[in-house]
file run-v9.txt (compact mmCIF, N, CA and C atoms)
# COMPACT_ATOMS: atom_id res chain seq x y z
N MET W 1 69.71 94.61 -16.19
CA MET W 1 69.92 95.57 -15.12
C MET W 1 68.60 95.91 -14.45
N ASP W 2 68.69 96.34 -13.24
CA ASP W 2 67.50 96.65 -12.48
C ASP W 2 67.03 98.09 -12.66
N SER W 3 67.84 98.93 -13.25
CA SER W 3 67.46 100.34 -13.34
C SER W 3 66.98 100.68 -14.74
N ALA W 4 66.39 101.84 -14.85
CA ALA W 4 65.89 102.29 -16.13
C ALA W 4 67.04 102.59 -17.09
N GLN W 5 68.21 102.95 -16.57
CA GLN W 5 69.32 103.30 -17.43
C GLN W 5 70.60 102.65 -16.91
N ASP W 6 71.19 101.77 -17.72
CA ASP W 6 72.43 101.08 -17.38
C ASP W 6 73.57 101.80 -18.07
N HIS W 7 74.57 102.20 -17.31
CA HIS W 7 75.70 102.91 -17.88
C HIS W 7 76.92 102.02 -18.03
N GLY W 8 76.70 100.73 -18.23
CA GLY W 8 77.79 99.85 -18.60
C GLY W 8 78.62 99.32 -17.46
N ILE W 9 79.82 98.89 -17.83
CA ILE W 9 80.73 98.22 -16.90
C ILE W 9 81.96 99.08 -16.69
N LEU W 10 82.32 99.24 -15.44
CA LEU W 10 83.56 99.91 -15.05
C LEU W 10 84.54 98.80 -14.67
N ASP W 11 85.51 98.52 -15.53
CA ASP W 11 86.45 97.43 -15.32
C ASP W 11 87.62 97.92 -14.48
N LEU W 12 87.65 97.49 -13.23
CA LEU W 12 88.70 97.90 -12.29
C LEU W 12 89.59 96.74 -11.89
N ARG W 13 89.61 95.70 -12.70
CA ARG W 13 90.48 94.56 -12.40
C ARG W 13 91.93 95.01 -12.42
N GLY W 14 92.69 94.48 -11.48
CA GLY W 14 94.10 94.84 -11.35
C GLY W 14 94.37 95.96 -10.37
N LEU W 15 93.33 96.67 -9.96
CA LEU W 15 93.50 97.76 -8.99
C LEU W 15 93.24 97.23 -7.58
N LYS W 16 94.00 97.71 -6.64
CA LYS W 16 93.87 97.28 -5.25
C LYS W 16 93.34 98.40 -4.38
N CYS W 17 92.82 98.03 -3.24
CA CYS W 17 92.25 98.92 -2.25
C CYS W 17 93.19 100.10 -2.00
N PRO W 18 92.67 101.29 -1.98
CA PRO W 18 91.29 101.74 -2.00
C PRO W 18 90.80 102.18 -3.38
N LEU W 19 91.60 101.93 -4.43
CA LEU W 19 91.27 102.47 -5.75
C LEU W 19 89.92 102.02 -6.31
N PRO W 20 89.51 100.75 -6.19
CA PRO W 20 88.19 100.39 -6.74
C PRO W 20 87.04 101.21 -6.13
N ALA W 21 87.06 101.41 -4.83
CA ALA W 21 86.00 102.19 -4.19
C ALA W 21 86.07 103.66 -4.62
N LEU W 22 87.26 104.20 -4.75
CA LEU W 22 87.41 105.60 -5.16
C LEU W 22 86.92 105.81 -6.60
N PHE W 23 87.32 104.92 -7.51
CA PHE W 23 86.89 105.06 -8.90
C PHE W 23 85.39 104.81 -9.05
N ALA W 24 84.85 103.89 -8.27
CA ALA W 24 83.41 103.64 -8.31
C ALA W 24 82.65 104.88 -7.84
N ARG W 25 83.13 105.51 -6.79
CA ARG W 25 82.49 106.73 -6.28
C ARG W 25 82.51 107.84 -7.33
N LEU W 26 83.65 108.02 -8.00
CA LEU W 26 83.74 109.05 -9.04
C LEU W 26 82.79 108.75 -10.19
N ALA W 27 82.69 107.49 -10.59
CA ALA W 27 81.79 107.12 -11.68
C ALA W 27 80.33 107.36 -11.29
N LEU W 28 79.96 106.99 -10.07
CA LEU W 28 78.59 107.20 -9.60
C LEU W 28 78.24 108.68 -9.55
N ALA W 29 79.18 109.50 -9.14
CA ALA W 29 78.94 110.94 -9.03
C ALA W 29 78.64 111.57 -10.39
N ARG W 30 79.12 110.96 -11.46
CA ARG W 30 78.92 111.50 -12.82
C ARG W 30 77.64 110.99 -13.47
N LEU W 31 77.01 110.00 -12.88
CA LEU W 31 75.80 109.42 -13.47
C LEU W 31 74.57 110.27 -13.18
N PRO W 32 73.60 110.26 -14.09
CA PRO W 32 72.33 110.91 -13.78
C PRO W 32 71.57 110.09 -12.74
N SER W 33 70.70 110.74 -12.01
CA SER W 33 69.89 110.05 -10.99
C SER W 33 69.12 108.89 -11.61
N GLY W 34 69.07 107.78 -10.87
CA GLY W 34 68.34 106.61 -11.31
C GLY W 34 69.15 105.67 -12.18
N SER W 35 70.38 106.03 -12.49
CA SER W 35 71.23 105.21 -13.35
C SER W 35 72.06 104.24 -12.52
N SER W 36 72.49 103.17 -13.18
CA SER W 36 73.30 102.18 -12.50
C SER W 36 74.56 101.90 -13.28
N ILE W 37 75.52 101.28 -12.62
CA ILE W 37 76.78 100.89 -13.22
C ILE W 37 77.20 99.55 -12.61
N SER W 38 77.84 98.74 -13.41
CA SER W 38 78.40 97.48 -12.93
C SER W 38 79.90 97.66 -12.78
N VAL W 39 80.42 97.33 -11.62
CA VAL W 39 81.85 97.47 -11.33
C VAL W 39 82.46 96.07 -11.31
N LEU W 40 83.44 95.83 -12.18
CA LEU W 40 84.12 94.56 -12.26
C LEU W 40 85.46 94.70 -11.56
N THR W 41 85.72 93.84 -10.57
CA THR W 41 86.94 93.94 -9.78
C THR W 41 87.45 92.56 -9.40
N ASP W 42 88.76 92.48 -9.19
CA ASP W 42 89.35 91.25 -8.67
C ASP W 42 90.03 91.50 -7.32
N ASP W 43 89.84 92.68 -6.76
CA ASP W 43 90.38 93.01 -5.43
C ASP W 43 89.52 92.31 -4.38
N PRO W 44 90.11 91.46 -3.54
CA PRO W 44 89.31 90.74 -2.54
C PRO W 44 88.64 91.64 -1.50
N LEU W 45 89.11 92.86 -1.33
CA LEU W 45 88.51 93.78 -0.36
C LEU W 45 87.37 94.61 -0.95
N ALA W 46 87.29 94.70 -2.27
CA ALA W 46 86.28 95.53 -2.91
C ALA W 46 84.84 95.14 -2.55
N PRO W 47 84.50 93.83 -2.44
CA PRO W 47 83.12 93.51 -2.06
C PRO W 47 82.72 93.99 -0.66
N MET W 48 83.69 94.36 0.15
CA MET W 48 83.39 94.97 1.45
C MET W 48 83.48 96.49 1.36
N ASP W 49 84.51 96.99 0.68
CA ASP W 49 84.76 98.43 0.60
C ASP W 49 83.71 99.18 -0.21
N ILE W 50 83.32 98.65 -1.35
CA ILE W 50 82.40 99.37 -2.23
C ILE W 50 81.00 99.49 -1.63
N PRO W 51 80.41 98.40 -1.08
CA PRO W 51 79.11 98.59 -0.41
C PRO W 51 79.19 99.57 0.76
N HIS W 52 80.30 99.55 1.49
CA HIS W 52 80.48 100.50 2.60
C HIS W 52 80.51 101.93 2.06
N MET W 53 81.26 102.15 0.96
CA MET W 53 81.31 103.47 0.35
C MET W 53 79.91 103.91 -0.09
N CYS W 54 79.15 102.98 -0.68
CA CYS W 54 77.78 103.32 -1.11
C CYS W 54 76.94 103.78 0.06
N HIS W 55 77.02 103.05 1.16
CA HIS W 55 76.25 103.40 2.36
C HIS W 55 76.67 104.79 2.87
N GLN W 56 77.96 105.05 2.89
CA GLN W 56 78.47 106.33 3.40
C GLN W 56 78.09 107.51 2.50
N GLU W 57 78.07 107.28 1.18
CA GLU W 57 77.86 108.36 0.21
C GLU W 57 76.41 108.50 -0.25
N GLY W 58 75.54 107.57 0.17
CA GLY W 58 74.14 107.67 -0.20
C GLY W 58 73.79 107.01 -1.53
N TYR W 59 74.66 106.14 -2.02
CA TYR W 59 74.38 105.39 -3.25
C TYR W 59 73.78 104.04 -2.88
N GLU W 60 73.16 103.39 -3.85
CA GLU W 60 72.50 102.12 -3.59
C GLU W 60 73.37 100.97 -4.09
N PHE W 61 73.64 100.01 -3.20
CA PHE W 61 74.31 98.78 -3.58
C PHE W 61 73.21 97.80 -3.97
N VAL W 62 73.17 97.38 -5.23
CA VAL W 62 72.08 96.56 -5.75
C VAL W 62 72.36 95.07 -5.55
N ARG W 63 73.52 94.61 -6.04
CA ARG W 63 73.84 93.18 -5.89
C ARG W 63 75.30 92.92 -6.19
N GLU W 64 75.72 91.71 -5.83
CA GLU W 64 77.08 91.23 -6.04
C GLU W 64 77.02 89.88 -6.73
N GLU W 65 77.86 89.69 -7.73
CA GLU W 65 77.95 88.42 -8.44
C GLU W 65 79.42 88.05 -8.58
N ALA W 66 79.82 86.90 -8.02
CA ALA W 66 81.20 86.43 -8.12
C ALA W 66 81.29 85.35 -9.18
N SER W 67 82.38 85.43 -9.98
CA SER W 67 82.57 84.44 -11.03
C SER W 67 84.03 84.43 -11.47
N GLY W 68 84.66 83.27 -11.38
CA GLY W 68 86.00 83.10 -11.92
C GLY W 68 87.06 84.03 -11.38
N GLY W 69 87.08 84.32 -10.12
CA GLY W 69 88.09 85.18 -9.52
C GLY W 69 87.78 86.67 -9.60
N SER W 70 86.70 87.03 -10.26
CA SER W 70 86.28 88.42 -10.34
C SER W 70 84.90 88.58 -9.70
N THR W 71 84.63 89.78 -9.29
CA THR W 71 83.33 90.10 -8.70
C THR W 71 82.74 91.28 -9.45
N THR W 72 81.45 91.18 -9.75
CA THR W 72 80.72 92.29 -10.35
C THR W 72 79.77 92.85 -9.30
N LEU W 73 79.90 94.13 -9.05
CA LEU W 73 79.06 94.83 -8.08
C LEU W 73 78.19 95.82 -8.85
N VAL W 74 76.88 95.72 -8.68
CA VAL W 74 75.97 96.61 -9.37
C VAL W 74 75.57 97.72 -8.39
N LEU W 75 75.77 98.95 -8.83
CA LEU W 75 75.53 100.12 -7.98
C LEU W 75 74.57 101.06 -8.70
N ARG W 76 73.81 101.81 -7.92
CA ARG W 76 72.85 102.75 -8.51
C ARG W 76 72.95 104.10 -7.79
N ARG W 77 72.83 105.13 -8.60
CA ARG W 77 72.73 106.48 -8.03
C ARG W 77 71.25 106.79 -7.88
N PRO W 78 70.81 107.09 -6.66
CA PRO W 78 69.37 107.39 -6.45
C PRO W 78 68.95 108.69 -7.11

call {"tool": "encode", "arguments": {"input": "run-v9.txt", "output": "structure tokens"}}
result
Amino acid sequence: MDSAQDHGILDLRGLKCPLPALFARLALARLPSGSSISVLTDDPLAPMDIPHMCHQEGYEFVREEASGGSTTLVLRRP
């Protein structure tokens, strides 16, 4: 992970838009500053929705990794 504190993986596979972005936002809001979380999703819209949510809410979108029908999005709370 790129941050000093990794708070694990939030597995949101099986959930469809807008739920992955909503749950990711709730998880980020609970993290201490400087912490990151990896969001695992299979929703094809999540790689667009979650970075947009991060931009709107002031969170940092770190990176995206696609593998085997799922996408992992790494997010950080500043």

call {"tool": "atom_distance", "arguments": {"input": "run-v9.txt", "atom1": "atom N of W:Gly34", "atom2": "atom C of W:Val74"}}
result
12.2 Å

call {"tool": "closest_residue", "arguments": {"input": "run-v9.txt", "among": "W:Ser38, W:Met53, W:Tyr59, W:Thr71", "to": "W:Leu22", "atoms": "all atoms listed in the file"}}
result
W:Met53

call {"tool": "closest_residue", "arguments": {"input": "run-v9.txt", "among": "W:Asp42, W:Leu75, W:Ile9, W:Leu26", "to": "W:Arg63", "atoms": "all atoms listed in the file"}}
result
W:Leu75

call {"tool": "atom_distance", "arguments": {"input": "run-v9.txt", "atom1": "atom CA of W:Pro78", "atom2": "atom CA of W:Val39"}}
result
16.7 Å

call {"tool": "closest_residue", "arguments": {"input": "run-v9.txt", "among": "W:Leu73, W:Met48, W:Ile37, W:Ala29", "to": "W:Gly8", "atoms": "only N, CA and C atoms"}}
result
W:Ile37

call {"tool": "select_by_dssp", "arguments": {"input": "run-v9.txt", "residues": "chain W", "states": "alpha helix (DSSP H)", "output": "number ranges by chain"}}
result
W: 19-30, 46-57

call {"tool": "residues_around", "arguments": {"input": "run-v9.txt", "residues": "W:Glu60", "least_positions_apart": "2", "cutoff": "5 Å", "atoms": "only N, CA and C atoms", "output": "list in words"}}
result
Gly58, Val62, Leu75 and Arg76 of chain W

call {"tool": "atom_distance", "arguments": {"input": "run-v9.txt", "atom1": "atom N of W:Gln5", "atom2": "atom C of W:Cys17"}}
result
29.1 Å

call {"tool": "axis_aligned_box", "arguments": {"input": "run-v9.txt", "around": "stretch 58-75 of chain W", "padding_each_side": "4 Å", "output": "JSON"}}
result
{"center_x": 80.1, "center_y": 95.4, "center_z": -5.9, "size_x": 24.0, "size_y": 32.6, "size_z": 20.1}

call {"tool": "residues_around", "arguments": {"input": "run-v9.txt", "residues": "W:Leu40", "least_positions_apart": "2", "cutoff": "12 Å", "atoms": "only C-alpha atoms", "output": "number ranges by chain"}}
result
W: 8-15, 20-21, 23-24, 37-38, 42-44, 46-47, 50, 64-75

call {"tool": "closest_residue", "arguments": {"input": "run-v9.txt", "among": "W:Ser36, W:Leu31, W:Asp49, W:Leu19", "to": "W:Asp6", "atoms": "all atoms listed in the file"}}
result
W:Ser36

call {"tool": "select_by_dssp", "arguments": {"input": "run-v9.txt", "residues": "chain W", "states": "strand (DSSP E or B)", "output": "ChimeraX atom specification"}}
result
/W:5-11,35-41,60-67,70-76

call {"tool": "closest_residue", "arguments": {"input": "run-v9.txt", "among": "W:Arg77, W:Glu57, W:Thr41, W:His52", "to": "W:Leu28", "atoms": "all atoms listed in the file"}}
result
W:Arg77
